[in-house]
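Containing mmCIF, C-alpha atoms and all ligand atoms: final_27.cif.
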data_work
loop_
_atom_site.label_atom_id
_atom_site.label_comp_id
_atom_site.auth_asym_id
_atom_site.auth_seq_id
_atom_site.Cartn_x
_atom_site.Cartn_y
_atom_site.Cartn_z
CA MET E 1 104.70 26.03 -23.28
CA ASP E 2 106.46 28.25 -25.68
CA MET E 3 109.96 27.03 -26.53
CA ASP E 4 112.29 30.01 -27.04
CA GLY E 5 112.60 32.13 -23.91
CA VAL E 6 110.79 29.51 -21.81
CA ILE E 7 112.70 26.25 -22.28
CA VAL E 8 115.72 27.41 -24.28
CA HIS E 9 117.48 30.55 -25.43
CA GLU E 10 118.29 29.52 -28.99
CA ASP E 11 120.60 26.55 -28.28
CA GLN E 12 121.07 27.09 -24.53
CA LEU E 13 118.83 25.39 -21.99
CA ILE E 14 117.22 27.79 -19.52
CA PRO E 15 118.42 26.71 -16.06
CA GLY E 16 115.89 24.39 -14.43
CA ALA E 17 113.86 23.78 -17.60
CA ASP E 18 115.08 20.19 -17.78
CA ARG E 19 113.89 19.55 -14.23
CA PHE E 20 110.55 21.20 -14.96
CA ILE E 21 109.94 19.04 -18.04
CA ALA E 22 111.05 15.94 -16.13
CA ARG E 23 108.46 16.71 -13.41
CA VAL E 24 105.70 17.25 -15.97
CA GLN E 25 106.59 13.94 -17.62
CA GLU E 26 106.82 12.16 -14.30
CA ALA E 27 103.43 13.48 -13.27
CA GLY E 28 102.03 12.17 -16.53
CA TYR E 29 100.62 15.49 -17.68
CA PRO E 30 100.20 15.78 -21.43
CA PHE E 31 102.28 18.71 -22.66
CA LEU E 32 103.47 20.39 -25.82
CA ILE E 33 106.38 22.66 -26.55
CA LEU E 34 105.27 25.29 -29.05
CA THR E 35 107.19 27.27 -31.59
CA ASN E 36 106.14 29.72 -34.28
CA ASN E 37 109.25 28.79 -36.24
CA SER E 38 108.18 26.67 -39.21
CA THR E 39 111.70 25.81 -40.42
CA TYR E 40 112.14 22.47 -38.71
CA THR E 41 110.14 19.29 -38.33
CA ALA E 42 109.20 18.20 -34.82
CA ARG E 43 111.78 15.44 -35.10
CA ASP E 44 114.50 17.96 -36.03
CA LEU E 45 113.54 20.10 -33.05
CA ALA E 46 113.53 17.13 -30.67
CA ALA E 47 117.08 16.36 -31.85
CA ARG E 48 118.12 19.99 -31.36
CA LEU E 49 116.63 20.02 -27.85
CA SER E 50 118.44 16.81 -27.00
CA GLN E 51 121.71 18.59 -27.82
CA THR E 52 120.89 21.05 -25.04
CA GLY E 53 120.34 18.10 -22.69
CA LEU E 54 116.56 18.03 -22.89
CA ASN E 55 114.99 14.78 -24.02
CA VAL E 56 111.43 15.03 -25.27
CA PRO E 57 109.77 12.99 -28.00
CA ALA E 58 108.93 14.61 -31.34
CA GLU E 59 105.26 14.20 -30.42
CA ALA E 60 105.76 16.75 -27.62
CA ILE E 61 106.58 19.52 -30.08
CA TRP E 62 104.02 21.63 -31.95
CA THR E 63 105.10 24.07 -34.64
CA SER E 64 103.26 26.70 -36.68
CA ALA E 65 103.96 24.45 -39.69
CA LEU E 66 102.04 21.56 -38.10
CA ALA E 67 99.21 23.91 -37.10
CA THR E 68 99.09 25.33 -40.65
CA ALA E 69 98.99 21.86 -42.22
CA ARG E 70 96.22 20.75 -39.89
CA PHE E 71 94.23 23.91 -40.57
CA LEU E 72 94.52 23.55 -44.36
CA CYS E 73 93.66 19.85 -44.22
CA GLU E 74 90.48 20.64 -42.28
CA GLN E 75 89.55 23.51 -44.57
CA ARG E 76 90.31 21.87 -47.90
CA PRO E 77 91.37 18.21 -47.61
CA GLU E 78 93.88 16.92 -50.17
CA GLY E 79 94.43 20.38 -51.52
CA THR E 80 97.36 21.85 -53.41
CA ALA E 81 99.83 24.49 -52.30
CA PHE E 82 102.76 26.46 -53.62
CA VAL E 83 105.15 26.60 -50.69
CA ILE E 84 107.97 28.95 -49.82
CA GLY E 85 109.52 27.26 -46.81
CA GLU E 86 111.73 24.55 -45.43
CA ALA E 87 111.32 20.86 -44.59
CA GLY E 88 109.29 21.66 -41.46
CA LEU E 89 106.52 23.06 -43.63
CA THR E 90 106.74 20.87 -46.73
CA THR E 91 106.86 17.69 -44.62
CA ALA E 92 103.86 18.79 -42.54
CA LEU E 93 101.83 19.49 -45.69
CA HIS E 94 102.79 16.19 -47.30
CA GLU E 95 101.83 14.33 -44.13
CA VAL E 96 98.27 15.71 -44.20
CA GLY E 97 97.85 14.68 -47.83
CA TYR E 98 98.70 17.93 -49.58
CA THR E 99 100.33 18.11 -53.01
CA LEU E 100 102.89 20.80 -53.69
CA SER E 101 102.31 22.51 -56.99
CA ASP E 102 103.09 25.78 -58.75
CA ARG E 103 100.22 25.37 -61.21
CA ASN E 104 96.94 26.87 -60.09
CA PRO E 105 97.32 25.81 -56.41
CA ASP E 106 94.56 26.28 -53.83
CA TYR E 107 97.00 28.13 -51.57
CA VAL E 108 100.27 29.98 -51.49
CA VAL E 109 101.81 29.01 -48.14
CA LEU E 110 104.66 31.11 -46.83
CA GLY E 111 106.88 29.86 -44.02
CA GLU E 112 110.27 30.52 -42.49
CA THR E 113 113.28 30.07 -44.73
CA ARG E 114 116.78 31.42 -45.07
CA THR E 115 116.79 31.05 -48.85
CA TYR E 116 114.06 33.34 -50.14
CA SER E 117 114.54 33.99 -53.84
CA PHE E 118 113.20 36.76 -56.04
CA GLU E 119 112.00 34.09 -58.45
CA GLN E 120 109.96 32.25 -55.79
CA ILE E 121 108.47 35.47 -54.47
CA THR E 122 107.54 36.51 -58.00
CA ARG E 123 105.84 33.13 -58.47
CA ALA E 124 103.92 33.55 -55.20
CA VAL E 125 102.79 37.05 -56.19
CA ARG E 126 101.49 35.88 -59.57
CA LEU E 127 99.69 32.86 -58.11
CA ILE E 128 97.95 35.07 -55.53
CA GLU E 129 97.00 37.50 -58.29
CA GLY E 130 95.59 34.49 -60.12
CA GLY E 131 93.36 33.54 -57.18
CA ALA E 132 95.45 31.36 -54.84
CA ARG E 133 94.64 31.99 -51.17
CA PHE E 134 97.49 33.46 -49.15
CA ILE E 135 98.49 31.69 -45.91
CA ALA E 136 101.55 32.37 -43.75
CA THR E 137 102.75 30.18 -40.89
CA ASN E 138 103.58 33.00 -38.48
CA PRO E 139 103.53 36.80 -38.32
CA ASP E 140 106.91 37.30 -36.61
CA PRO E 141 108.77 40.12 -38.40
CA THR E 142 112.19 38.98 -37.20
CA GLY E 143 113.81 35.97 -35.64
CA PRO E 144 116.84 35.67 -33.36
CA SER E 145 120.34 34.60 -34.29
CA ARG E 146 123.73 34.90 -32.67
CA GLU E 147 124.68 37.69 -35.06
CA GLY E 148 121.47 39.68 -34.64
CA SER E 149 117.97 39.86 -36.10
CA LEU E 150 116.98 37.86 -39.15
CA PRO E 151 114.04 38.91 -41.33
CA ALA E 152 111.32 36.33 -40.71
CA THR E 153 108.04 35.20 -42.27
CA GLY E 154 106.08 38.34 -41.36
CA SER E 155 108.56 40.56 -43.20
CA VAL E 156 108.48 38.51 -46.38
CA ALA E 157 104.68 38.30 -46.13
CA ALA E 158 104.64 42.12 -46.03
CA LEU E 159 106.59 42.19 -49.28
CA VAL E 160 104.11 39.82 -50.98
CA SER E 161 101.16 41.76 -49.50
CA LYS E 162 102.51 45.03 -50.81
CA ALA E 163 102.87 43.56 -54.28
CA THR E 164 99.44 41.89 -54.37
CA GLY E 165 97.28 44.00 -52.06
CA VAL E 166 96.35 40.71 -50.32
CA ASP E 167 97.07 40.09 -46.63
CA PRO E 168 97.86 36.54 -45.54
CA TYR E 169 95.98 34.56 -42.95
CA TYR E 170 98.50 33.80 -40.20
CA VAL E 171 98.01 30.51 -38.38
CA GLY E 172 100.78 30.74 -35.73
CA LYS E 173 100.66 32.67 -32.46
CA PRO E 174 98.99 34.98 -31.53
CA ASN E 175 96.20 33.29 -33.50
CA PRO E 176 94.37 31.17 -30.90
CA LEU E 177 93.97 28.61 -33.68
CA MET E 178 97.55 27.56 -32.88
CA MET E 179 96.46 26.90 -29.28
CA ARG E 180 93.31 25.07 -30.29
CA SER E 181 95.15 22.78 -32.69
CA ALA E 182 97.75 22.12 -29.98
CA LEU E 183 95.02 21.22 -27.50
CA ARG E 184 93.52 18.78 -29.97
CA ALA E 185 96.91 17.25 -30.71
CA ILE E 186 97.18 16.10 -27.07
CA ASP E 187 93.45 15.62 -26.54
CA ALA E 188 93.42 18.38 -23.93
CA HIS E 189 90.73 20.87 -22.94
CA SER E 190 91.18 24.59 -22.46
CA GLU E 191 89.68 24.68 -18.96
CA THR E 192 92.25 22.21 -17.62
CA THR E 193 95.26 23.54 -19.51
CA VAL E 194 97.91 26.13 -18.72
CA MET E 195 99.85 28.13 -21.31
CA ILE E 196 103.35 29.16 -20.25
CA GLY E 197 105.05 31.81 -22.37
CA ASP E 198 107.58 34.63 -22.35
CA ARG E 199 105.70 37.07 -24.59
CA MET E 200 102.55 38.97 -23.68
CA ASP E 201 101.80 39.85 -27.32
CA THR E 202 101.87 36.27 -28.60
CA ASP E 203 101.87 33.51 -25.95
CA ILE E 204 99.75 35.13 -23.27
CA VAL E 205 97.17 36.79 -25.53
CA ALA E 206 96.76 33.56 -27.52
CA GLY E 207 96.39 31.57 -24.30
CA ILE E 208 93.78 33.97 -22.95
CA GLU E 209 91.83 34.01 -26.21
CA ALA E 210 91.85 30.21 -26.37
CA GLY E 211 90.48 30.09 -22.80
CA LEU E 212 93.59 28.71 -21.09
CA GLU E 213 95.12 29.67 -17.78
CA THR E 214 98.29 31.63 -18.47
CA ILE E 215 101.68 31.98 -16.80
CA LEU E 216 104.22 34.56 -17.95
CA VAL E 217 107.88 33.68 -17.38
CA LEU E 218 110.45 36.47 -17.19
CA SER E 219 113.24 34.33 -18.69
CA GLY E 220 112.58 35.62 -22.21
CA ILE E 221 111.34 38.76 -23.93
CA THR E 222 108.78 40.41 -21.64
CA THR E 223 109.83 42.15 -18.43
CA ARG E 224 107.54 42.54 -15.44
CA ASP E 225 107.35 46.27 -16.13
CA ALA E 226 106.46 45.80 -19.80
CA ALA E 227 103.83 43.17 -18.89
CA SER E 228 101.99 45.65 -16.68
CA ARG E 229 101.34 47.95 -19.65
CA PHE E 230 99.29 45.43 -21.60
CA PRO E 231 95.49 45.66 -21.49
CA PHE E 232 95.35 42.00 -20.39
CA LEU E 233 97.05 40.16 -17.57
CA PRO E 234 98.61 36.73 -17.30
CA GLY E 235 97.22 34.53 -14.53
CA ARG E 236 100.64 34.53 -12.87
CA ILE E 237 104.14 35.86 -13.40
CA VAL E 238 107.19 33.81 -12.38
CA ASP E 239 110.90 34.23 -13.02
CA SER E 240 111.20 31.00 -15.00
CA VAL E 241 109.76 27.50 -15.30
CA ALA E 242 112.28 26.46 -12.64
CA ASP E 243 109.94 28.15 -10.15
CA LEU E 244 107.09 25.86 -11.18
CA SER E 245 108.82 22.49 -10.76
CA GLU E 246 108.08 22.18 -7.08
CA GLU E 247 104.39 22.81 -7.61
CA ILE E 248 103.92 19.83 -9.85
CA VAL E 249 102.56 16.95 -7.86
CA VAL E 250 102.25 13.39 -9.03
CA PRO E 251 98.60 12.67 -8.31
CA GLY E 252 97.53 9.22 -7.24
CA ARG E 253 100.84 7.57 -7.89
CA PRO E 254 101.98 4.97 -5.36
CA ALA E 255 105.02 6.15 -3.45
CA GLY E 256 108.26 4.91 -4.92
CA SER E 257 106.90 4.09 -8.37
CA SER E 258 108.43 7.17 -9.92
CA GLY E 259 111.70 6.82 -8.05
CA THR E 260 112.73 10.40 -7.45
CA THR E 261 109.73 12.58 -6.66
CA PRO E 262 109.27 13.36 -3.00
CA ARG E 263 105.63 13.73 -1.98
CA ARG E 264 105.19 17.35 -1.02
CA ALA E 265 103.29 17.96 2.13
CA GLY E 266 100.99 20.93 1.86
CA ARG E 267 100.44 20.71 -1.89
CA ASP E 268 99.64 17.02 -2.09
CA GLY E 269 95.96 16.36 -2.23
CA ASP E 270 95.27 20.07 -2.50
CA PRO E 271 92.66 20.28 -5.22
CA GLY E 272 94.12 23.63 -6.22
CA ALA E 273 92.60 26.99 -6.99
CA GLY E 274 90.84 25.64 -10.05
CA GLY E 275 89.16 22.92 -8.00
CA ARG E 276 90.52 19.96 -9.95
CA ALA E 277 94.03 18.69 -9.59
CA ARG E 278 94.67 17.58 -13.15
CA ARG E 279 96.06 20.23 -15.44
CA GLN E 280 97.53 19.80 -18.84
CA VAL E 281 100.33 21.99 -19.99
CA VAL E 282 100.62 23.61 -23.38
CA ALA E 283 103.98 25.23 -23.15
MG MG E 301 109.17 32.79 -26.77
#
Please re-express this file's structure in structure tokens.
Amino acid sequence: MDMDGVIVHEDQLIPGADRFIARVQEAGYPFLILTNNSTYTARDLAARLSQTGLNVPAEAIWTSALATARFLCEQRPEGTAFVIGEAGLTTALHEVGYTLSDRNPDYVVLGETRTYSFEQITRAVRLIEGGARFIATNPDPTGPSREGSLPATGSVAALVSKATGVDPYYVGKPNPLMMRSALRAIDAHSETTVMIGDRMDTDIVAGIEAGLETILVLSGITTRDAASRFPFLPGRIVDSVADLSEEIVVPGRPAGSSGTTPRRAGRDGDPGAGGRARRQVVA
């Protein structure tokens, strides 16, 4: 599932999201909470979620920074990168064996940061002119804040592109690569996985292109009316993840072992529309 607009609104929990996640965990379904924001490490984000009252392990969070690091490691193991970004990105690159360098790096990697400097952007431009490959964690032009929009990675990438004539390769949503790397992170398969998101133009299209079932929630950006104008459809539309909690059954678990989940007559033992009961959730 996507994070912002699905589980939280910035630092506010979406009502019922805690119960939904608890049910998914109780049922034992592997799941990931996705974000295109590359600022924070998964551990930072787990701590931020816990402040909203939602307890998930860092391993349940997948960011565009982690997807970017995994992609670069597969493409060019133990490579070098000049990075404009925060700890979320630099930590992810270090963890896959990358070295950060401003001398003839394999890549210029641009991520989310609040401290872009003219000097750093100039350095990135010159390295790309010199042959470094241009990667950006996510194409989002703006991000949310309490005070209003913030220019985000996509906007700074546009600046660098204008200066160099080189477009970046974006790893985050809507690139289905983000979905595929998430699936691999939890050893899941597209045909038994559902993507839950609040945006048609990122979450749902990426889910469809990666071969996942898709559910659009109306607790974030996209309205039902706006959704109907897209040339593709989500599998389902619900108001929020709160509506999905009751549908999650705990297959094959002896009664009482989980403590709180009532067995639901009617859904229990129903193999479901897809034929098989077990579904993973990439949210
Ligand atoms: Mg969202």
Within 10 Å of region 174-189 of chain E using only C-alpha atoms, minus same-chain residues under 6 positions, as an mmCIF file with C-alpha atoms, in the frame of the given file:
data_model
loop_
_atom_site.group_PDB
_atom_site.id
_atom_site.type_symbol
_atom_site.label_atom_id
_atom_site.label_comp_id
_atom_site.auth_asym_id
_atom_site.auth_seq_id
_atom_site.Cartn_x
_atom_site.Cartn_y
_atom_site.Cartn_z
ATOM 1 C CA TYR E 29 100.620 15.490 -17.680
ATOM 2 C CA PRO E 30 100.200 15.780 -21.430
ATOM 3 C CA PHE E 31 102.280 18.710 -22.660
ATOM 4 C CA LEU E 32 103.470 20.390 -25.820
ATOM 5 C CA ILE E 33 106.380 22.660 -26.550
ATOM 6 C CA LEU E 34 105.270 25.290 -29.050
ATOM 7 C CA THR E 35 107.190 27.270 -31.590
ATOM 8 C CA ASN E 36 106.140 29.720 -34.280
ATOM 9 C CA GLU E 59 105.260 14.200 -30.420
ATOM 10 C CA ALA E 60 105.760 16.750 -27.620
ATOM 11 C CA ILE E 61 106.580 19.520 -30.080
ATOM 12 C CA TRP E 62 104.020 21.630 -31.950
ATOM 13 C CA THR E 63 105.100 24.070 -34.640
ATOM 14 C CA SER E 64 103.260 26.700 -36.680
ATOM 15 C CA ALA E 65 103.960 24.450 -39.690
ATOM 16 C CA LEU E 66 102.040 21.560 -38.100
ATOM 17 C CA ALA E 67 99.210 23.910 -37.100
ATOM 18 C CA THR E 68 99.090 25.330 -40.650
ATOM 19 C CA ARG E 70 96.220 20.750 -39.890
ATOM 20 C CA PHE E 71 94.230 23.910 -40.570
ATOM 21 C CA THR E 137 102.750 30.180 -40.890
ATOM 22 C CA ASN E 138 103.580 33.000 -38.480
ATOM 23 C CA PRO E 139 103.530 36.800 -38.320
ATOM 24 C CA ASP E 140 106.910 37.300 -36.610
ATOM 25 C CA MET E 195 99.850 28.130 -21.310
ATOM 26 C CA ARG E 199 105.700 37.070 -24.590
ATOM 27 C CA MET E 200 102.550 38.970 -23.680
ATOM 28 C CA ASP E 201 101.800 39.850 -27.320
ATOM 29 C CA THR E 202 101.870 36.270 -28.600
ATOM 30 C CA ASP E 203 101.870 33.510 -25.950
ATOM 31 C CA ILE E 204 99.750 35.130 -23.270
ATOM 32 C CA VAL E 205 97.170 36.790 -25.530
ATOM 33 C CA ALA E 206 96.760 33.560 -27.520
ATOM 34 C CA GLY E 207 96.390 31.570 -24.300
ATOM 35 C CA ILE E 208 93.780 33.970 -22.950
ATOM 36 C CA GLU E 209 91.830 34.010 -26.210
ATOM 37 C CA ALA E 210 91.850 30.210 -26.370
ATOM 38 C CA GLY E 211 90.480 30.090 -22.800
ATOM 39 C CA LEU E 212 93.590 28.710 -21.090
ATOM 40 C CA ARG E 279 96.060 20.230 -15.440
ATOM 41 C CA GLN E 280 97.530 19.800 -18.840
ATOM 42 C CA VAL E 281 100.330 21.990 -19.990
ATOM 43 C CA VAL E 282 100.620 23.610 -23.380
ATOM 44 C CA ALA E 283 103.980 25.230 -23.150
#
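The interatomic distance for the pair CA of Thr142 (chain E) and CA of Glu112 (chain E) works out to 10.2 Å.
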Residues within 8 Å of ligand MG 301 (chain E), counting all atoms listed in the file: report them as a compact mmCIF listing (two decimals) with C-alpha atoms, keeping the file's coordinate frame.
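File written: out.txt
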# COMPACT_ATOMS: atom_id res chain seq x y z
CA ASP E 2 106.46 28.25 -25.68
CA MET E 3 109.96 27.03 -26.53
CA ASP E 4 112.29 30.01 -27.04
CA GLY E 5 112.60 32.13 -23.91
CA VAL E 6 110.79 29.51 -21.81
CA THR E 35 107.19 27.27 -31.59
CA GLY E 197 105.05 31.81 -22.37
CA ASP E 198 107.58 34.63 -22.35
CA ARG E 199 105.70 37.07 -24.59
CA ASP E 203 101.87 33.51 -25.95
CA GLY E 220 112.58 35.62 -22.21
CA ILE E 221 111.34 38.76 -23.93
Check: Which distance in Å separates CA of Gln51 (chain E) and CA of Val24 (chain E), to one decimal?
Finding: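 Answer for the CA of Gln51 (chain E) to CA of Val24 (chain E) separation: 20.0 Å.
Of the listed residues (E:Glu129, E:Lys162, E:Val156, E:Asp11), E:Asp11 comes nearest to Arg48 (chain E); the distances count only C-alpha atoms.
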Next item on the list: Using all atoms listed in the file, determine which residues lie at most 12 Å from Ala152 (chain E), disregarding the query and same-chain residues fewer than 2 positions distant; provide the list as a ChimeraX atom specification.
Entry: /E:36-39,85,110-116,136-145,149-150,154-159
Check: Residues at most 6 Å from region 239-250 of chain E, counting only C-alpha atoms, excluding those fewer than 6 positions away in the same chain, as a ChimeraX atom specification?
Finding: /E:16-17,20,27,217-219
Check: How many Å lie between CA of Thr164 (chain E) and CA of Leu100 (chain E), rounded to one decimal?
Finding: 21.4 Å
How would region 65-116 of chain E look written as a tab-separated table (two decimals), in the first residue's frame with C-alpha atoms?
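For reference, out.tsv as written:
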chain	number	residue	atom	x	y	z
E	65	ALA	CA	15.46	5.39	-2.13
E	66	LEU	CA	15.56	1.65	-1.34
E	67	ALA	CA	14.21	0.82	-4.81
E	68	THR	CA	16.82	3.09	-6.41
E	69	ALA	CA	19.67	1.53	-4.43
E	70	ARG	CA	18.53	-1.97	-5.32
E	71	PHE	CA	18.20	-1.04	-8.99
E	72	LEU	CA	21.68	0.51	-9.15
E	73	CYS	CA	23.24	-2.42	-7.28
E	74	GLU	CA	21.73	-4.84	-9.81
E	75	GLN	CA	22.77	-2.73	-12.76
E	76	ARG	CA	26.29	-1.85	-11.66
E	77	PRO	CA	27.35	-3.55	-8.40
E	78	GLU	CA	29.72	-1.61	-6.13
E	79	GLY	CA	29.41	1.47	-8.25
E	80	THR	CA	29.97	5.11	-7.41
E	81	ALA	CA	27.46	7.93	-7.19
E	82	PHE	CA	27.30	11.64	-6.60
E	83	VAL	CA	24.20	12.10	-4.47
E	84	ILE	CA	21.95	15.06	-3.85
E	85	GLY	CA	19.68	13.78	-1.11
E	86	GLU	CA	19.16	12.99	2.52
E	87	ALA	CA	20.00	10.07	4.82
E	88	GLY	CA	17.23	7.92	3.32
E	89	LEU	CA	19.09	7.86	0.02
E	90	THR	CA	22.72	7.93	1.14
E	91	THR	CA	22.12	5.16	3.69
E	92	ALA	CA	20.34	2.99	1.11
E	93	LEU	CA	23.24	3.38	-1.34
E	94	HIS	CA	25.86	2.64	1.30
E	95	GLU	CA	23.96	-0.47	2.36
E	96	VAL	CA	24.09	-1.94	-1.16
E	97	GLY	CA	27.83	-1.35	-1.36
E	98	TYR	CA	27.92	1.97	-3.20
E	99	THR	CA	30.62	4.59	-2.69
E	100	LEU	CA	29.67	8.25	-2.73
E	101	SER	CA	32.02	10.30	-4.83
E	102	ASP	CA	32.11	13.58	-6.73
E	103	ARG	CA	35.00	12.45	-8.94
E	104	ASN	CA	33.97	10.74	-12.15
E	105	PRO	CA	31.04	8.80	-10.57
E	106	ASP	CA	29.02	6.18	-12.47
E	107	TYR	CA	25.82	8.01	-11.57
E	108	VAL	CA	24.40	11.29	-10.41
E	109	VAL	CA	21.52	10.31	-8.11
E	110	LEU	CA	18.98	12.97	-7.22
E	111	GLY	CA	16.59	12.48	-4.32
E	112	GLU	CA	14.34	14.50	-2.05
E	113	THR	CA	15.99	17.15	0.08
E	114	ARG	CA	15.12	20.46	1.66
E	115	THR	CA	18.65	21.81	1.31
E	116	TYR	CA	19.36	21.96	-2.42
